[in-house]
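**Q** Input file: my_file-v1.cif. Contents: mmCIF, C-alpha atoms and all ligand atoms.
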```cif
data_entry
#
loop_
_atom_site.label_atom_id
_atom_site.label_comp_id
_atom_site.auth_asym_id
_atom_site.auth_seq_id
_atom_site.Cartn_x
_atom_site.Cartn_y
_atom_site.Cartn_z
CA MET A 27 -152.94 54.10 9.90
CA LEU A 28 -153.37 57.86 9.98
CA VAL A 29 -156.84 59.21 10.68
CA LEU A 30 -157.36 62.83 9.66
CA ALA A 31 -159.89 64.21 12.08
CA GLY A 32 -161.09 67.81 12.09
CA PRO A 33 -162.65 69.45 15.14
CA GLY A 34 -165.79 67.75 16.42
CA THR A 35 -165.62 64.93 13.88
CA GLY A 36 -165.73 62.26 16.56
CA LYS A 37 -162.01 61.64 16.90
CA THR A 38 -162.16 60.62 20.53
CA THR A 39 -165.24 58.49 19.92
CA THR A 40 -163.50 56.74 17.02
CA LEU A 41 -160.37 56.13 19.08
CA VAL A 42 -162.38 54.71 21.98
CA GLU A 43 -164.43 52.53 19.63
CA ALA A 44 -161.28 51.25 17.90
CA VAL A 45 -159.88 50.26 21.29
CA ALA A 46 -163.22 48.74 22.38
CA ARG A 47 -163.39 46.63 19.26
CA ARG A 48 -159.95 45.19 19.84
CA VAL A 49 -160.78 44.35 23.43
CA ARG A 50 -164.09 42.79 22.35
CA GLU A 51 -162.20 40.66 19.84
CA GLY A 52 -159.99 39.32 22.58
CA ALA A 53 -157.04 41.71 22.79
CA ASP A 54 -155.34 41.93 26.16
CA PRO A 55 -155.97 45.55 27.36
CA GLU A 56 -152.53 45.55 28.97
CA ARG A 57 -150.99 45.17 25.54
CA LEU A 58 -152.78 48.24 24.18
CA LEU A 59 -151.40 51.72 24.78
CA VAL A 60 -153.11 55.07 24.24
CA LEU A 61 -150.78 58.07 24.14
CA THR A 62 -151.74 61.71 24.21
CA PHE A 63 -150.21 65.08 25.06
CA SER A 64 -151.92 66.78 27.94
CA ARG A 65 -152.80 65.29 31.27
CA LYS A 66 -156.34 66.54 30.76
CA ALA A 67 -156.69 64.67 27.48
CA ALA A 68 -155.28 61.50 29.09
CA VAL A 69 -157.84 61.72 31.89
CA GLU A 70 -160.68 62.26 29.43
CA LEU A 71 -159.59 59.26 27.36
CA ARG A 72 -159.26 57.13 30.47
CA ASP A 73 -162.76 58.12 31.61
CA ARG A 74 -164.32 57.52 28.23
CA MET A 75 -162.64 54.13 27.82
CA ALA A 76 -163.65 53.12 31.34
CA ALA A 77 -167.25 54.16 30.64
CA ARG A 78 -167.24 52.18 27.40
CA LEU A 79 -165.36 49.09 28.56
CA GLY A 80 -165.57 49.04 32.34
CA GLY A 81 -162.55 50.10 34.37
CA ALA A 82 -160.92 46.67 34.47
CA SER A 83 -160.64 46.17 30.73
CA ALA A 84 -159.66 49.71 29.73
CA PRO A 85 -156.08 49.97 28.48
CA ARG A 86 -153.53 52.43 29.74
CA ALA A 87 -154.01 56.02 28.51
CA THR A 88 -151.10 58.23 29.36
CA THR A 89 -149.17 61.28 28.25
CA PHE A 90 -145.93 60.97 26.31
CA HIS A 91 -144.11 62.54 29.24
CA SER A 92 -145.58 60.15 31.74
CA TYR A 93 -144.67 57.19 29.53
CA CYS A 94 -141.10 58.52 29.17
CA TYR A 95 -140.81 59.06 32.91
CA ALA A 96 -141.81 55.46 33.63
CA LEU A 97 -139.35 54.21 31.00
CA VAL A 98 -136.44 56.29 32.26
CA ARG A 99 -137.24 55.41 35.87
CA ALA A 100 -137.42 51.70 35.06
CA HIS A 101 -133.92 51.83 33.57
CA GLN A 102 -132.38 54.11 36.14
CA ASP A 103 -129.21 52.81 37.66
CA VAL A 104 -130.44 51.84 41.12
CA ASP A 105 -127.00 52.17 42.69
CA LEU A 106 -126.43 55.68 41.36
CA PHE A 107 -129.93 57.04 41.89
CA VAL A 108 -131.65 55.89 45.00
CA ASP A 109 -134.26 58.64 44.89
CA PRO A 110 -136.78 58.85 42.08
CA LEU A 111 -135.88 61.37 39.38
CA ARG A 112 -137.62 64.65 39.90
CA LEU A 113 -139.13 66.55 37.01
CA LEU A 114 -138.60 70.28 36.83
CA SER A 115 -141.81 72.19 36.25
CA GLY A 116 -141.76 75.01 33.68
CA PRO A 117 -141.48 77.77 36.33
CA GLU A 118 -138.69 75.86 38.14
CA GLN A 119 -136.78 75.51 34.88
CA ASP A 120 -137.25 79.21 34.33
CA VAL A 121 -135.59 79.90 37.68
CA VAL A 122 -132.60 77.63 36.92
CA VAL A 123 -132.05 79.21 33.50
CA ARG A 124 -132.32 82.75 34.84
CA GLU A 125 -129.95 82.05 37.73
CA LEU A 126 -127.37 80.55 35.39
CA LEU A 127 -127.67 83.47 32.99
CA ALA A 128 -127.30 85.95 35.84
CA GLY A 129 -124.19 84.06 37.01
CA GLN A 130 -122.77 84.20 33.50
CA ALA A 131 -123.43 87.94 33.25
CA GLU A 132 -121.46 88.40 36.47
CA LEU A 133 -118.58 86.22 35.32
CA ALA A 134 -118.48 88.16 32.05
CA ARG A 135 -118.16 91.41 33.99
CA GLU A 136 -115.23 89.92 35.88
CA GLY A 137 -113.68 88.67 32.65
CA ARG A 138 -114.02 85.03 33.76
CA ALA A 139 -116.82 83.89 31.46
CA PHE A 140 -116.39 80.52 29.80
CA VAL A 141 -119.63 80.83 27.83
CA ARG A 142 -119.04 83.68 25.41
CA TRP A 143 -122.31 85.33 24.48
CA PRO A 144 -121.95 87.73 21.52
CA ASP A 145 -121.50 91.37 22.56
CA ASP A 146 -124.90 92.46 21.28
CA LEU A 147 -126.61 89.87 23.48
CA ARG A 148 -124.64 90.42 26.64
CA ALA A 149 -126.78 93.34 27.78
CA CYS A 150 -129.97 91.27 27.72
CA LEU A 151 -128.66 88.15 29.51
CA THR A 152 -130.70 88.90 32.61
CA THR A 153 -134.00 89.79 30.90
CA ARG A 154 -137.05 87.54 31.03
CA GLY A 155 -137.38 87.60 27.23
CA PHE A 156 -133.84 86.32 26.74
CA ALA A 157 -134.30 83.56 29.31
CA ASP A 158 -137.44 82.47 27.42
CA GLU A 159 -135.48 82.37 24.16
CA VAL A 160 -132.69 80.35 25.75
CA ARG A 161 -135.19 77.86 27.19
CA ALA A 162 -136.69 77.45 23.74
CA VAL A 163 -133.26 76.79 22.17
CA LEU A 164 -132.44 74.21 24.87
CA ALA A 165 -135.75 72.42 24.39
CA ARG A 166 -135.60 72.38 20.57
CA SER A 167 -132.01 71.09 20.70
CA ARG A 168 -132.99 68.17 22.92
CA GLU A 169 -136.06 67.40 20.82
CA LEU A 170 -133.80 67.18 17.79
CA GLY A 171 -131.44 64.95 19.73
CA LEU A 172 -128.62 67.52 19.79
CA GLY A 173 -126.23 67.57 22.74
CA PRO A 174 -123.88 70.46 23.57
CA ARG A 175 -121.19 69.20 21.20
CA ALA A 176 -123.52 68.65 18.23
CA LEU A 177 -125.20 72.01 18.83
CA GLY A 178 -121.76 73.66 18.99
CA GLU A 179 -120.67 72.04 15.72
CA PHE A 180 -123.93 73.05 14.09
CA ALA A 181 -123.43 76.63 15.32
CA GLU A 182 -119.94 76.65 13.85
CA ARG A 183 -121.06 75.28 10.50
CA THR A 184 -123.83 77.85 10.24
CA GLY A 185 -121.73 80.73 11.61
CA ARG A 186 -124.00 81.46 14.60
CA PRO A 187 -121.99 82.67 17.60
CA ASP A 188 -125.24 82.95 19.62
CA TRP A 189 -125.97 79.25 19.14
CA SER A 190 -122.38 78.47 19.93
CA ALA A 191 -122.83 80.26 23.28
CA ALA A 192 -126.13 78.40 23.73
CA ALA A 193 -124.20 75.13 23.29
CA GLY A 194 -121.88 76.13 26.16
CA PHE A 195 -124.90 77.12 28.18
CA LEU A 196 -126.59 73.77 27.46
CA ALA A 197 -123.52 71.92 28.80
CA GLU A 198 -123.56 73.94 32.00
CA TYR A 199 -127.33 73.62 32.38
CA LEU A 200 -127.22 69.82 31.96
CA ASP A 201 -124.42 69.58 34.54
CA VAL A 202 -126.51 71.54 37.01
CA LEU A 203 -129.59 69.35 36.42
CA ASP A 204 -127.46 66.23 36.82
CA ALA A 205 -125.98 67.49 40.04
CA GLN A 206 -129.45 68.14 41.40
CA GLY A 207 -130.88 64.84 40.14
CA VAL A 208 -133.63 66.58 38.17
CA LEU A 209 -134.80 66.55 34.55
CA ASP A 210 -136.80 68.99 32.46
CA TYR A 211 -139.51 67.81 30.08
CA ALA A 212 -137.46 67.98 26.88
CA GLU A 213 -134.57 66.17 28.57
CA LEU A 214 -136.93 63.48 29.79
CA VAL A 215 -138.11 62.62 26.27
CA HIS A 216 -134.54 62.86 25.00
CA ARG A 217 -133.37 60.33 27.63
CA ALA A 218 -136.25 58.01 26.72
CA VAL A 219 -135.25 58.21 23.05
CA LEU A 220 -131.61 57.45 23.94
CA LEU A 221 -132.78 54.46 25.96
CA ALA A 222 -134.95 53.28 23.08
CA GLY A 223 -131.81 53.31 20.94
CA ARG A 224 -130.19 50.60 23.08
CA PRO A 225 -130.77 47.21 21.45
CA GLU A 226 -132.02 45.50 24.62
CA VAL A 227 -134.47 48.32 25.41
CA ALA A 228 -135.55 48.53 21.77
CA ALA A 229 -136.40 44.83 21.84
CA GLU A 230 -138.35 45.27 25.06
CA LEU A 231 -140.31 48.24 23.67
CA ALA A 232 -141.03 46.54 20.38
CA GLY A 233 -142.54 43.56 22.18
CA GLN A 234 -144.49 45.51 24.79
CA TYR A 235 -147.71 46.39 22.94
CA ASP A 236 -149.87 44.82 20.24
CA ALA A 237 -151.37 48.17 19.26
CA VAL A 238 -150.58 51.80 20.03
CA PHE A 239 -153.08 54.63 19.60
CA VAL A 240 -151.98 58.27 19.48
CA ASP A 241 -154.24 61.23 19.88
CA GLU A 242 -153.39 64.75 18.54
CA TYR A 243 -150.57 63.45 16.38
CA GLN A 244 -150.01 66.94 14.92
CA ASP A 245 -148.56 67.95 18.29
CA THR A 246 -145.72 65.42 18.30
CA ASP A 247 -142.17 66.66 18.12
CA VAL A 248 -139.25 64.91 16.46
CA ALA A 249 -138.16 63.12 19.65
CA GLN A 250 -141.65 61.78 20.35
CA GLY A 251 -141.85 60.58 16.75
CA ARG A 252 -138.62 58.62 17.30
CA LEU A 253 -139.96 57.06 20.46
CA LEU A 254 -143.11 55.98 18.64
CA GLY A 255 -140.92 54.43 15.99
CA ALA A 256 -139.37 52.25 18.71
CA LEU A 257 -142.75 51.40 20.21
CA ALA A 258 -144.82 50.76 17.14
CA GLY A 259 -142.75 51.27 13.98
CA GLY A 260 -141.83 48.64 11.43
CA GLY A 261 -145.41 47.96 10.33
CA ARG A 262 -146.77 47.15 13.76
CA THR A 263 -150.25 48.38 14.65
CA LEU A 264 -150.20 52.12 15.19
CA LEU A 265 -153.32 54.24 14.85
CA ALA A 266 -152.60 57.97 14.88
CA PHE A 267 -155.33 60.62 14.96
CA GLY A 268 -154.56 64.18 14.06
CA ASP A 269 -155.36 67.32 12.18
CA PRO A 270 -152.53 69.25 10.54
CA ASP A 271 -154.78 72.33 10.45
CA GLN A 272 -154.79 72.34 14.24
CA SER A 273 -151.04 72.31 14.65
CA ILE A 274 -150.60 75.23 17.04
CA TYR A 275 -147.66 74.15 19.16
CA ALA A 276 -144.80 74.85 16.75
CA PHE A 277 -143.47 77.37 19.31
CA ARG A 278 -142.81 74.53 21.72
CA GLY A 279 -141.33 72.16 19.20
CA ALA A 280 -144.35 70.42 17.67
CA ASP A 281 -143.47 69.56 14.10
CA VAL A 282 -146.40 69.53 11.68
CA GLY A 283 -144.07 67.72 9.27
CA GLY A 284 -144.57 64.68 11.52
CA ILE A 285 -148.19 64.20 10.50
CA LEU A 286 -147.46 65.09 6.89
CA ARG A 287 -144.71 62.45 6.77
CA PHE A 288 -146.58 59.91 8.87
CA ARG A 289 -147.43 57.57 5.99
CA GLU A 290 -143.77 57.33 4.99
CA ASP A 291 -142.35 57.37 8.52
CA PHE A 292 -144.62 54.50 9.58
CA PRO A 293 -145.04 52.32 6.49
CA ARG A 294 -147.12 49.15 6.53
CA ALA A 295 -145.41 45.83 7.07
CA ASP A 296 -145.38 45.30 3.27
CA GLY A 297 -143.45 48.57 2.84
CA ARG A 298 -146.29 50.57 1.31
CA PRO A 299 -147.15 53.95 2.90
CA ALA A 300 -149.50 53.70 5.87
CA ASP A 301 -153.22 53.75 5.18
CA MET A 302 -155.14 56.94 5.70
CA GLU A 303 -158.78 57.54 6.58
CA VAL A 304 -160.66 60.82 6.92
CA LEU A 305 -163.50 61.61 9.32
CA THR A 306 -165.76 63.75 7.17
CA VAL A 307 -168.76 64.73 9.33
CA SER A 308 -168.56 67.48 11.91
CA ARG A 309 -170.87 66.52 14.76
CA ARG A 310 -170.42 69.79 16.56
CA SER A 311 -170.50 72.87 14.33
CA GLY A 312 -173.42 74.21 12.29
CA ALA A 313 -173.18 74.50 8.50
CA ALA A 314 -172.58 78.27 8.50
CA LEU A 315 -169.65 77.95 10.87
CA LEU A 316 -168.13 75.17 8.79
CA ALA A 317 -168.51 77.29 5.65
CA ALA A 318 -166.51 80.05 7.34
CA THR A 319 -163.72 77.75 8.51
CA ARG A 320 -163.56 76.25 5.04
CA ARG A 321 -162.80 79.68 3.58
CA ILE A 322 -159.85 79.97 5.94
CA THR A 323 -158.45 76.46 5.61
CA GLY A 324 -158.84 76.73 1.82
CA ARG A 325 -155.98 79.23 1.87
CA MET A 326 -153.68 77.02 3.89
CA PRO A 327 -151.34 74.90 1.79
CA LEU A 328 -150.92 71.22 2.64
CA THR A 329 -148.76 69.73 0.02
CA ARG A 330 -147.56 66.44 1.35
CA LEU A 331 -150.91 64.69 1.80
CA PRO A 332 -153.02 63.40 -1.08
CA ALA A 333 -155.21 66.27 -2.37
CA ARG A 334 -158.39 64.20 -2.24
CA ALA A 335 -157.95 63.39 1.44
CA VAL A 336 -157.16 67.02 2.26
CA ARG A 337 -160.30 68.16 0.47
CA ALA A 338 -162.45 65.65 2.33
CA HIS A 339 -160.84 66.67 5.62
CA ARG A 340 -161.48 70.37 5.04
CA GLU A 341 -164.93 70.16 3.49
CA LEU A 342 -166.66 68.64 6.47
CA ALA A 343 -170.34 67.84 6.19
CA ALA A 344 -172.57 69.37 8.86
CA VAL A 345 -175.23 67.47 10.76
CA ARG A 346 -177.16 70.67 11.47
CA ASP A 347 -177.70 74.14 10.08
CA GLY A 348 -176.80 77.37 11.76
CA GLY A 349 -173.79 78.92 13.38
CA ARG A 350 -172.86 82.55 12.81
CA VAL A 351 -169.51 84.22 12.34
CA GLU A 352 -168.99 87.97 12.70
CA ALA A 353 -165.65 89.74 12.56
CA TYR A 354 -164.99 93.09 14.27
CA THR A 355 -161.92 95.27 14.37
CA TYR A 356 -161.16 97.86 17.03
CA PRO A 357 -158.69 100.72 17.21
CA THR A 358 -157.23 99.66 20.57
CA ALA A 359 -156.91 96.55 22.68
CA GLY A 360 -158.91 98.28 25.43
CA ALA A 361 -161.81 99.02 23.09
CA GLU A 362 -161.74 95.42 21.94
CA LEU A 363 -161.98 94.08 25.47
CA ASP A 364 -164.82 96.49 26.37
CA ASN A 365 -166.78 95.33 23.38
CA VAL A 366 -166.15 91.65 24.00
CA ALA A 367 -167.48 92.16 27.53
CA ASP A 368 -170.48 94.02 26.14
CA ILE A 369 -171.32 91.29 23.62
CA LEU A 370 -171.15 88.61 26.31
CA ARG A 371 -173.24 90.60 28.78
CA ARG A 372 -175.92 91.29 26.20
CA ALA A 373 -176.03 87.64 25.17
CA HIS A 374 -176.60 86.72 28.80
CA LEU A 375 -179.00 89.48 29.84
CA GLU A 376 -180.96 89.93 26.64
CA ASP A 377 -180.88 86.48 25.04
CA GLY A 378 -180.62 84.37 28.18
CA VAL A 379 -177.44 82.51 27.07
CA PRO A 380 -175.94 80.83 30.16
CA TRP A 381 -172.43 82.02 31.04
CA ARG A 382 -171.11 78.46 30.84
CA GLU A 383 -172.01 78.32 27.16
CA MET A 384 -169.68 81.21 26.31
CA ALA A 385 -165.95 81.11 25.73
CA VAL A 386 -163.29 83.68 24.97
CA LEU A 387 -160.26 82.38 23.10
CA VAL A 388 -157.02 84.33 23.08
CA ARG A 389 -153.89 83.91 21.06
CA ALA A 390 -151.14 84.01 23.68
CA GLY A 391 -152.43 82.96 27.08
CA GLY A 392 -149.63 84.26 29.27
CA ARG A 393 -149.79 87.75 27.84
CA SER A 394 -153.50 88.16 27.11
CA ILE A 395 -155.38 86.32 29.83
CA PRO A 396 -154.63 88.59 32.81
CA GLY A 397 -155.96 91.66 30.91
CA VAL A 398 -158.99 89.78 29.59
CA ARG A 399 -159.80 88.49 33.04
CA ARG A 400 -159.58 91.99 34.57
CA ALA A 401 -161.71 93.58 31.85
CA LEU A 402 -164.43 90.94 31.95
CA THR A 403 -164.57 90.75 35.72
CA SER A 404 -164.91 94.49 36.08
CA ALA A 405 -167.70 94.43 33.49
CA GLY A 406 -169.58 91.89 35.61
CA VAL A 407 -168.87 88.88 33.41
CA PRO A 408 -167.87 85.88 35.55
CA VAL A 409 -164.65 84.31 34.27
CA GLU A 410 -163.11 80.93 34.79
CA VAL A 411 -159.63 80.49 33.34
CA ASP A 412 -158.37 77.05 32.52
CA GLY A 413 -155.56 76.46 35.03
CA ASP A 414 -153.21 75.10 32.36
CA ASP A 415 -153.39 78.43 30.57
CA ILE A 416 -152.10 80.70 33.29
CA PRO A 417 -148.40 81.05 33.99
CA LEU A 418 -147.77 80.33 37.65
CA ARG A 419 -146.65 83.89 38.30
CA HIS A 420 -150.11 85.19 37.32
CA GLU A 421 -152.00 82.78 39.59
CA PRO A 422 -153.86 84.92 42.11
CA ALA A 423 -152.57 82.59 44.84
CA VAL A 424 -148.91 83.37 44.15
CA ALA A 425 -149.03 86.82 42.53
CA PRO A 426 -147.67 89.55 44.80
CA CYS A 427 -150.45 91.78 46.18
N1 LIG A 501 -170.23 58.25 14.51
C1 LIG A 501 -170.92 59.10 15.29
N2 LIG A 501 -172.26 59.18 15.17
C2 LIG A 501 -172.96 60.04 15.92
N3 LIG A 501 -172.43 60.85 16.85
C3 LIG A 501 -171.12 60.83 17.01
C4 LIG A 501 -170.28 59.95 16.24
N4 LIG A 501 -169.00 60.15 16.61
C5 LIG A 501 -169.05 61.10 17.56
N5 LIG A 501 -170.30 61.50 17.81
C6 LIG A 501 -170.70 62.53 18.78
O1 LIG A 501 -170.11 63.77 18.39
C7 LIG A 501 -169.65 64.51 19.52
C8 LIG A 501 -168.17 64.83 19.40
O2 LIG A 501 -167.45 63.60 19.49
P1 LIG A 501 -165.97 63.51 20.03
O3 LIG A 501 -165.87 64.10 21.39
O4 LIG A 501 -165.53 62.10 19.83
O5 LIG A 501 -165.29 64.46 18.98
P2 LIG A 501 -163.76 64.91 18.84
O6 LIG A 501 -163.47 64.94 17.39
O7 LIG A 501 -162.89 64.06 19.70
O8 LIG A 501 -163.79 66.36 19.42
P3 LIG A 501 -162.56 67.40 19.55
O9 LIG A 501 -162.67 68.26 18.35
O10 LIG A 501 -162.91 68.11 20.82
O11 LIG A 501 -161.30 66.62 19.61
C9 LIG A 501 -169.98 63.65 20.75
O12 LIG A 501 -171.18 64.13 21.30
C10 LIG A 501 -170.17 62.25 20.17
O13 LIG A 501 -171.08 61.50 20.92
#
```
Could you quickly redo this structure as structure tokens?
**A**
Amino acid sequence: MLVLAGPGTGKTTTLVEAVARRVREGADPERLLVLTFSRKAAVELRDRMAARLGGASAPRATTFHSYCYALVRAHQDVDLFVDPLRLLSGPEQDVVVRELLAGQAELAREGRAFVRWPDDLRACLTTRGFADEVRAVLARSRELGLGPRALGEFAERTGRPDWSAAAGFLAEYLDVLDAQGVLDYAELVHRAVLLAGRPEVAAELAGQYDAVFVDEYQDTDVAQGRLLGALAGGGRTLLAFGDPDQSIYAFRGADVGGILRFREDFPRADGRPADMEVLTVSRRSGAALLAATRRITGRMPLTRLPARAVRAHRELAAVRDGGRVEAYTYPTAGAELDNVADILRRAHLEDGVPWREMAVLVRAGGRSIPGVRRALTSAGVPVEVDGDDIPLRHEPAVAPC
């Protein structure tokens, strides 16, 4: 079943209650699995299930990556790999990619390059922006299940010499990871999906859980969707919660098509499309705020879900009045930041709003947060930045003085 759940509609509560009901009706908590995306969300789910059910009867709530790690580790060849596999963090992967690209730039200068980047790209091989692009291509390829050869063939068919070079790069990159006994996140899920394709592992996965619950389904990528198919496809009990309007991770491979196709990808045991329910009451936002969001979502097309469900999902009922939305435009980014700081300070000093009840949301964390933090701090507004949102290089603890 797919549950469409807008912000503040009680998604987490519903998920926890659905789990609690199963446990109350006699399900073995060890045969229930709750999957989510971030570690923070997994911890919150674990806490809320433990509070509701008592620690001993709460099922496992884990991230996709953590689940994949356990699976890959459990099937690791013990003779070949004595040490546990190590996962590369994002910044570590960045270093590996940049070192390899720098090495390739040098080989190209010496005329010994075996990865042939197109001429117009060669000059930017050692830039940060290019390394970021290459990392994205590597990750998307693995999420789509493409190895170096398949990526190379695809590049040839589509006439993309840059992707063809990326295929060569992928081969070299994977060799280096193998030699070091490490995996990156995309590779980890890819390996888990490959494992799930083996008949004996597929049988093990299919028999492991009686019910699987997935939070934030709109954030799944193609590889994670495949893994779920192995774990809970074929009409077994799978309850997925999501909101296609909150799909914001396309840049890192999330595929909103996953939630739009869910009912066909995970049909009921009788072959009909999966059931769908909609949570229709927003417990958090006032009516005025919901009216504003409705005007925005009303312009967003969503073609593959039944129109009635989409309407119910986007026209949430409010449990209270109020909420206010104001939009401002400024001539420069600096003027914008000064005014944001001013609005927050006034709210605190003149209206007595506690700092902890204020939030500033930005579009691209890595680029915007350092400037926002500087501007607010120098205006006397205390700032706490969510650790997950700062690239390691901007952490005060590691940034050069
Ligand atoms: N059926 C309900 N009746 C009354 N209150 C509810 C109900 N479901 C949830 N709530 C309350 O609404 C608030 C938001 O619930 P919850 O945290 O489950 O929402 P959510 O949809 O998971 O939020 P998010 O948008 O952050 O994912 C909580 O205070 C919760 O207690």
**Q** Please report as CSV every residue of chain A lying within 8 Å of ligand LIG 501 (chain A), along with the nearest atom pair and their distance in Å (one decimal), using only C-alpha atoms and all ligand atoms.
**A**
```
residue,atom,partner,partner_atom,distance
A:Ala31,CA,A:LIG501,O6,6.4
A:Gly32,CA,A:LIG501,O9,6.5
A:Pro33,CA,A:LIG501,O9,3.4
A:Gly34,CA,A:LIG501,O9,3.7
A:Thr35,CA,A:LIG501,O6,4.1
A:Gly36,CA,A:LIG501,O4,3.3
A:Lys37,CA,A:LIG501,O6,3.6
A:Thr38,CA,A:LIG501,O7,3.6
A:Thr39,CA,A:LIG501,O4,3.6
A:Thr40,CA,A:LIG501,O4,6.4
A:Leu41,CA,A:LIG501,O4,7.9
A:Ser308,CA,A:LIG501,O1,7.6
A:Arg309,CA,A:LIG501,O1,4.6
A:Arg310,CA,A:LIG501,C7,6.1
```
**Q** Can you write out as CSV which residues of stretch 203-253 of chain A fall within 12 Å of stretch 72-86 of chain A, alongside each residue's closest atom pair and its distance in Å to one decimal, counting only C-alpha atoms and ordering rows by chain and ascending residue number?
**A**
```
residue,atom,partner,partner_atom,distance
A:Tyr235,CA,A:Pro85,CA,10.7
A:Asp236,CA,A:Pro85,CA,11.5
A:Ala237,CA,A:Pro85,CA,10.5
A:Val238,CA,A:Arg86,CA,10.2
A:Phe239,CA,A:Arg86,CA,10.4
A:Val240,CA,A:Arg86,CA,11.9
```
**Q** When you count only C-alpha atoms, which of these residues is closest to A:Ala353: A:Leu58, A:Val121, A:Ala165, A:Val366?
**A**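 Comparing A:Leu58, A:Val121, A:Ala165, A:Val366 against A:Ala353, the winner is A:Val366.
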**Q** Using all atoms listed in the file, determine which residues lie at most 10 Å from A:Val219, disregarding the query and same-chain residues fewer than 4 positions distant; provide the list as a PyMOL selection string.
**A** chain A and resi 94+97-98+169+171+213-215+223-224+228+249-256
**Q** What is the atom CA of A:Tyr356 to atom CA of A:Ser311 distance in Å?
**A** 26.8 Å
**Q** Up to 7 Å from (-162.7, 61.4, 9.3) in the file's coordinates: name the residues, counting all atoms listed in the file, as a CSV table (one decimal) with C-alpha atoms, in the frame of the given file.
**A**
```
chain,number,residue,atom,x,y,z
A,29,VAL,CA,-156.8,59.2,10.7
A,30,LEU,CA,-157.4,62.8,9.7
A,31,ALA,CA,-159.9,64.2,12.1
A,35,THR,CA,-165.6,64.9,13.9
A,303,GLU,CA,-158.8,57.5,6.6
A,304,VAL,CA,-160.7,60.8,6.9
A,305,LEU,CA,-163.5,61.6,9.3
A,306,THR,CA,-165.8,63.8,7.2
A,307,VAL,CA,-168.8,64.7,9.3
A,339,HIS,CA,-160.8,66.7,5.6
```
**Q** Between atom CA of A:Ala46 and atom CA of A:Thr88, measure the distance and give it in Å to one decimal.
**A**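 That distance, rounded to one decimal, is 16.9 Å.
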**Q** Mind working out the centre and edge lengths of an axis-aligned box for stretch 83-94 of chain A, all listed atoms inside, 6 Å added to each side, rounded to one decimal in Å and written as JSON?
**A**
```
{"center_x": -150.9, "center_y": 54.4, "center_z": 29.0, "size_x": 31.5, "size_y": 28.4, "size_z": 17.4}
```
**Q** For A:Tyr199, please output as an MDAnalysis selection string all residues within 9 Å (counting all atoms listed in the file; exclusion window: fewer than 5 positions along the same chain).
**A** chainID A and resid 122:123 126 194 204
**Q** Please report the interatomic distance between atom CA of A:Thr323 and atom CA of A:Asp245 in Å with one decimal.
**A** 18.2 Å
**Q** Need to verify the contact set: A:Pro293, 10 Å, all atoms listed in the file, exclusion of same-chain residues closer than 3 positions in sequence. Can you return it as a list of chain:residue names?
**A**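 Returned residues: A:Met27, A:Gly259, A:Gly260, A:Gly261, A:Arg262, A:Phe288, A:Arg289, A:Glu290, A:Asp296, A:Gly297, A:Arg298, A:Pro299, A:Ala300, A:Asp301.
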**Q** Please dump the current selection as a PDB file, in the frame of the given file; keep C-alpha atoms.
**A**
```pdb
ATOM      1  CA  MET A  27    -152.940  54.100   9.900  1.00  0.00           C
ATOM      2  CA  GLY A 259    -142.750  51.270  13.980  1.00  0.00           C
ATOM      3  CA  GLY A 260    -141.830  48.640  11.430  1.00  0.00           C
ATOM      4  CA  GLY A 261    -145.410  47.960  10.330  1.00  0.00           C
ATOM      5  CA  ARG A 262    -146.770  47.150  13.760  1.00  0.00           C
ATOM      6  CA  PHE A 288    -146.580  59.910   8.870  1.00  0.00           C
ATOM      7  CA  ARG A 289    -147.430  57.570   5.990  1.00  0.00           C
ATOM      8  CA  GLU A 290    -143.770  57.330   4.990  1.00  0.00           C
ATOM      9  CA  ASP A 296    -145.380  45.300   3.270  1.00  0.00           C
ATOM     10  CA  GLY A 297    -143.450  48.570   2.840  1.00  0.00           C
ATOM     11  CA  ARG A 298    -146.290  50.570   1.310  1.00  0.00           C
ATOM     12  CA  PRO A 299    -147.150  53.950   2.900  1.00  0.00           C
ATOM     13  CA  ALA A 300    -149.500  53.700   5.870  1.00  0.00           C
ATOM     14  CA  ASP A 301    -153.220  53.750   5.180  1.00  0.00           C
TER      15      ASP A 301
END
```
**Q** Neighbours of A:Leu231 within 9 Å (all atoms listed in the file; same-chain residues fewer than 5 positions away dropped), as a list in words?
**A** Ala222, Glu226, Ala256, Leu257 and Ala258 of chain A
**Q** Applying 12 Å and all atoms listed in the file, which residues near A:Ala359 remain after dropping the ones on its own chain fewer than 5 positions away? List them as a ChimeraX atom specification.
**A** /A:364-366,394,397-398,401
**Q** Restricting the calculation to all atoms listed in the file, which member of A:Thr355, A:Thr319, A:Thr152, A:Thr62 is positioned closest to A:Thr89?
**A**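 Checking each of A:Thr355, A:Thr319, A:Thr152, A:Thr62 against A:Thr89, counting all atoms listed in the file, the winner is A:Thr62.
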**Q** Using all atoms listed in the file, what residues lie at most 10 Å away from (-119.4, 89.4, 24.3) (file coordinates), given as an MDAnalysis selection string?
**A** chainID A and resid 131 134:135 139 141:149 187:188 191
**Q** With distances taken over all atoms listed in the file, which residue among A:Thr153, A:Glu376, A:Leu61, A:Arg112 lies nearest A:Ala128?
**A** A:Thr153
**Q** Of the residues A:Tyr211, A:Arg168, A:Arg65, A:Gly268, which is the one nearest to A:Met302, using all atoms listed in the file?
**A** A:Gly268
**Q** Considering all atoms listed in the file, state which residue in the set A:Ala96, A:Val336, A:Ile395, A:Ala405 is at the smallest distance from A:Leu370.
**A**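 Closest residue, counting all atoms listed in the file: A:Ala405.
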